[in-house]
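Encoded as structure tokens, the structure appears first; notes follow it.
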Amino acid sequence: MAGTGRSHRVRPGAGLRPRAGLRPRAGLWPTAALALAGLTAACGTGGETGPAGSGAAATRAVTPAAPPAQTVRPPLPDGGTPDGGTPDGGPALAVHAAGPADCRRDKCVALTFDDGPGPYTDTLLRHLAAYRARATFFVVGQSVTANPGVVRRTAEAGHEIGNHSWSHRDLTTLPAAEIRRDLARTDQAVKAAAGIVPKIVRPPYGALNALVRKQTSRPMVLWNVDTEDWRHRDSAAVARRAVKAAAPGAVILFHDIHPTTVKAIPRVLKSLSARGYRFVTVSELFGGAPPRLVHGGAPPAAAKL
Ligand SMILES: [Zn+2]
């Protein structure tokens with residue numbers, strides 16, 4: 001993170017495992033969203049992708065419960081799936097077996113998209129729908145207010161909405177009251193847009209310390225696979241990184257404000273579907289109750305697939 005010399009990533013050690021089973025159209029984009037895109041370039045250089053940081057007080061990873069059984073599903077029918085993703089108007093594209101994923105048995109991954117909503121989020125929703133994939137969107141409050149419709153559509157499609165702060169400030173630099181206000185303002189924006197209040201929080205840059213954690217009782221959800229999509233503005237590279245690092249129980253970090261990332265997603269969905277993965281929300285991954293702190297610095301041991 002050139003410029004500030006700070007890096008924030010919390011880098012706990014343990015990988016993640018599900019604890020239990022359980023279970024569009026962008027219009028005109030206000031300047032807030034575009035400003036966010038620029039801001040997130042800083043996010044990339046600054047932090048959600050940066051190395052373990054000084055300021056980010058080391059937080060301990062939650063020890064996951066027993067890993068799910070590594071049941072490998074039979075090969076899924078792959079015909080007609082998009083590779084590059086234009087589900088609109090195409091043939092039936094569903095590649096998943098019907099029914100909710102059971103992460104005790106199924107190979108589950110949680111795709112997470114930060115810093116939106118943005119101009120490409122609706123396209124991403126279509127890609128996900130084509131694979132009946134659920135994902136988690138950690139949204140920035142000011143962008144939610146500027147573009148409430150896409151947040152509503154995201155929630156209606158069954159995806160999880162997480163709180164990613166109001167304006168993507170490093171929460172570790174703020175006093176307690178300000179942190180609470182920031183999160184509450186974002187909650188209100190999501191509630192107004194989608195009628196729900198986020199149950200999970202991802203602090204910008206993954207920057208956490210004890211003070212930040214005390215300001216909410218909700219789980220703080222980081223990630224254990226970082227695609228560095230802000231750096232690799234190349235769809236093939238983003239897809240390759242995600243697919244290579246994916247493992248059962250992985251929480252994979254993307255940013256849906258980058259068109260290259262959104263374009264990479266059909267390939268990710270196709271490849272991981274073919275390997276028997278189910279795409280679930282973060283809360284689903286943890287049986288509906290994520291631990292207080294969800295993160296892992298290293299990807300889970302690579303599955304032999
Ligand atoms: Zn972010």
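Please note that chains go A, B, ... in the order of the structure tokens, that every chain numbers its residues from 1, and that ligands are numbered from 1 in the order shown.
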Self-check item: Backbone DSSP call of helix (DSSP H, G or I) for segment 150-255 of chain A, listed as a ChimeraX atom specification
Solution: /A:150-156,171-173,176-194,204-206,210-214,235-245
With N, CA and C atoms kept, could you save the residues just selected as a compact mmCIF listing (two decimals), in the first residue's frame?
# COMPACT_ATOMS: atom_id res chain seq x y z
N VAL A 150 -30.41 -2.31 -6.61
CA VAL A 150 -29.60 -3.52 -6.82
C VAL A 150 -29.40 -4.26 -5.51
N VAL A 151 -29.41 -3.54 -4.42
CA VAL A 151 -29.27 -4.22 -3.12
C VAL A 151 -30.55 -5.01 -2.82
N ARG A 152 -31.65 -4.42 -3.16
CA ARG A 152 -32.92 -5.14 -2.99
C ARG A 152 -32.93 -6.39 -3.87
N ARG A 153 -32.51 -6.25 -5.10
CA ARG A 153 -32.49 -7.42 -5.99
C ARG A 153 -31.51 -8.48 -5.49
N THR A 154 -30.43 -8.03 -4.93
CA THR A 154 -29.44 -8.97 -4.40
C THR A 154 -30.05 -9.79 -3.27
N ALA A 155 -30.70 -9.11 -2.37
CA ALA A 155 -31.33 -9.82 -1.24
C ALA A 155 -32.45 -10.72 -1.72
N GLU A 156 -33.25 -10.21 -2.64
CA GLU A 156 -34.37 -11.01 -3.13
C GLU A 156 -33.91 -12.28 -3.84
N LEU A 171 -11.70 1.30 10.11
CA LEU A 171 -12.39 1.48 11.39
C LEU A 171 -11.43 1.55 12.57
N THR A 172 -10.24 1.02 12.40
CA THR A 172 -9.30 1.06 13.53
C THR A 172 -8.79 2.46 13.79
N THR A 173 -9.09 3.37 12.89
CA THR A 173 -8.64 4.75 13.08
C THR A 173 -9.72 5.60 13.74
N ALA A 176 -14.70 4.80 19.20
CA ALA A 176 -15.77 3.80 19.33
C ALA A 176 -17.11 4.32 18.84
N ALA A 177 -17.47 5.49 19.29
CA ALA A 177 -18.78 6.01 18.92
C ALA A 177 -18.91 6.19 17.41
N GLU A 178 -17.82 6.57 16.82
CA GLU A 178 -17.85 6.78 15.37
C GLU A 178 -17.97 5.45 14.63
N ILE A 179 -17.34 4.45 15.15
CA ILE A 179 -17.46 3.12 14.53
C ILE A 179 -18.92 2.67 14.60
N ARG A 180 -19.50 2.83 15.74
CA ARG A 180 -20.91 2.40 15.90
C ARG A 180 -21.82 3.19 14.95
N ARG A 181 -21.57 4.47 14.87
CA ARG A 181 -22.39 5.28 13.96
C ARG A 181 -22.22 4.83 12.52
N ASP A 182 -21.01 4.55 12.18
CA ASP A 182 -20.70 4.14 10.80
C ASP A 182 -21.44 2.84 10.45
N LEU A 183 -21.36 1.89 11.35
CA LEU A 183 -22.03 0.60 11.09
C LEU A 183 -23.54 0.77 11.10
N ALA A 184 -24.03 1.58 12.03
CA ALA A 184 -25.49 1.76 12.13
C ALA A 184 -26.04 2.47 10.90
N ARG A 185 -25.30 3.42 10.42
CA ARG A 185 -25.76 4.14 9.24
C ARG A 185 -25.83 3.20 8.04
N THR A 186 -24.89 2.32 7.97
CA THR A 186 -24.89 1.35 6.88
C THR A 186 -26.04 0.36 7.04
N ASP A 187 -26.26 -0.08 8.27
CA ASP A 187 -27.40 -0.96 8.52
C ASP A 187 -28.70 -0.30 8.06
N GLN A 188 -28.83 0.97 8.40
CA GLN A 188 -30.06 1.67 8.03
C GLN A 188 -30.22 1.76 6.52
N ALA A 189 -29.12 1.97 5.84
CA ALA A 189 -29.19 2.04 4.38
C ALA A 189 -29.63 0.70 3.79
N VAL A 190 -29.09 -0.36 4.33
CA VAL A 190 -29.47 -1.69 3.82
C VAL A 190 -30.93 -1.99 4.16
N LYS A 191 -31.32 -1.61 5.35
CA LYS A 191 -32.71 -1.85 5.76
C LYS A 191 -33.65 -1.09 4.83
N ALA A 192 -33.29 0.14 4.54
CA ALA A 192 -34.15 0.94 3.67
C ALA A 192 -34.20 0.36 2.26
N ALA A 193 -33.10 -0.19 1.81
CA ALA A 193 -33.04 -0.70 0.44
C ALA A 193 -33.66 -2.08 0.31
N ALA A 194 -33.37 -2.93 1.28
CA ALA A 194 -33.71 -4.35 1.11
C ALA A 194 -34.59 -4.91 2.21
N PRO A 204 -13.59 -2.79 6.50
CA PRO A 204 -12.75 -2.45 5.35
C PRO A 204 -11.29 -2.81 5.62
N TYR A 205 -10.66 -3.30 4.62
CA TYR A 205 -9.24 -3.71 4.67
C TYR A 205 -9.01 -4.89 5.60
N GLY A 206 -10.08 -5.45 6.12
CA GLY A 206 -9.88 -6.49 7.13
C GLY A 206 -9.26 -5.93 8.40
N ALA A 210 -9.28 -4.69 18.94
CA ALA A 210 -10.23 -5.02 20.01
C ALA A 210 -11.34 -3.98 20.08
N LEU A 211 -11.00 -2.74 19.88
CA LEU A 211 -12.01 -1.69 19.97
C LEU A 211 -13.07 -1.87 18.88
N VAL A 212 -12.63 -2.15 17.70
CA VAL A 212 -13.59 -2.35 16.61
C VAL A 212 -14.50 -3.53 16.92
N ARG A 213 -13.91 -4.58 17.39
CA ARG A 213 -14.72 -5.78 17.64
C ARG A 213 -15.76 -5.56 18.72
N LYS A 214 -15.44 -4.68 19.64
CA LYS A 214 -16.40 -4.44 20.72
C LYS A 214 -17.62 -3.65 20.27
N SER A 235 -9.52 -11.10 -16.15
CA SER A 235 -10.52 -12.07 -15.75
C SER A 235 -9.97 -13.49 -15.66
N ALA A 236 -9.16 -13.85 -16.63
CA ALA A 236 -8.63 -15.22 -16.60
C ALA A 236 -7.77 -15.43 -15.37
N ALA A 237 -6.99 -14.44 -15.03
CA ALA A 237 -6.12 -14.57 -13.86
C ALA A 237 -6.93 -14.64 -12.57
N VAL A 238 -7.97 -13.84 -12.50
CA VAL A 238 -8.81 -13.85 -11.30
C VAL A 238 -9.49 -15.20 -11.16
N ALA A 239 -10.02 -15.69 -12.25
CA ALA A 239 -10.69 -16.99 -12.20
C ALA A 239 -9.71 -18.09 -11.82
N ARG A 240 -8.56 -18.03 -12.40
CA ARG A 240 -7.56 -19.07 -12.12
C ARG A 240 -7.18 -19.07 -10.64
N ARG A 241 -6.97 -17.90 -10.11
CA ARG A 241 -6.59 -17.82 -8.70
C ARG A 241 -7.69 -18.36 -7.80
N ALA A 242 -8.90 -18.00 -8.12
CA ALA A 242 -10.01 -18.44 -7.27
C ALA A 242 -10.17 -19.95 -7.33
N VAL A 243 -10.12 -20.47 -8.52
CA VAL A 243 -10.34 -21.91 -8.69
C VAL A 243 -9.20 -22.70 -8.06
N LYS A 244 -8.01 -22.23 -8.25
CA LYS A 244 -6.85 -22.94 -7.72
C LYS A 244 -6.87 -22.97 -6.19
N ALA A 245 -7.29 -21.88 -5.59
CA ALA A 245 -7.23 -21.79 -4.13
C ALA A 245 -8.46 -22.33 -3.44
Quiz prompt | Who sits within 12 Å of Leu253 of chain A, only C-alpha atoms, same chain under 6 positions skipped, as a PyMOL selection string | solution = chain A and resi 44+48-49+109-115+135-138+202+205-206+221-230+238-239+241-242+245-246+261+265+282+295-297+299
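Residue nearest ligand 1, chosen from A:Ile257, A:Ile252, A:Leu124, A:Ile196 and counting only C-alpha atoms and all ligand atoms: A:Ile257.
Minimum atom-to-atom distance to ligand 1, evaluated using only C-alpha atoms and all ligand atoms, belongs to A:Phe254 out of A:Tyr277, A:Phe286, A:Tyr120, A:Phe254.
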Self-check item: DSSP strand (DSSP E or B) selection over segment 158-203 of chain A, as a PyMOL selection string
Solution: chain A and resi 160-163+201
Exercise. Find the distance between atom CA of Thr260 of chain A and atom CA of Pro100 of chain A and write it in Å to one decimal.
Key: 29.2 Å
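Minimum distance to ligand 1 across A:Ser167, A:Ser217, A:Gln142, A:Asn147 (counting only C-alpha atoms and all ligand atoms) occurs at A:Ser167.
Contact shell of Leu285 of chain A at 7 Å (only C-alpha atoms; same-chain neighbours under 4 positions omitted): Pro18, Cys103, Cys108, Ala110, Gly249, Val280 and Thr281 of chain A.
Between ligand 1 and the residues A:Trp166, A:Val144, A:Arg233, A:Ala133, the shortest atom-to-atom distance, using only C-alpha atoms and all ligand atoms, involves A:Trp166.
For the pair atom CA of Asp256 of chain A and atom CA of Arg278 of chain A, the interatomic distance is 19.9 Å.
Closest approach to Asn163 of chain A from the set A:Ser271, A:Asn209, A:Thr123, A:Thr216 is made by A:Thr216, with distances taken over only C-alpha atoms.
Each of A:Val201, A:Ala157, A:Ala101, A:Val268 was checked against ligand 1 using only C-alpha atoms and all ligand atoms; the smallest atom-to-atom distance is that of A:Val201.
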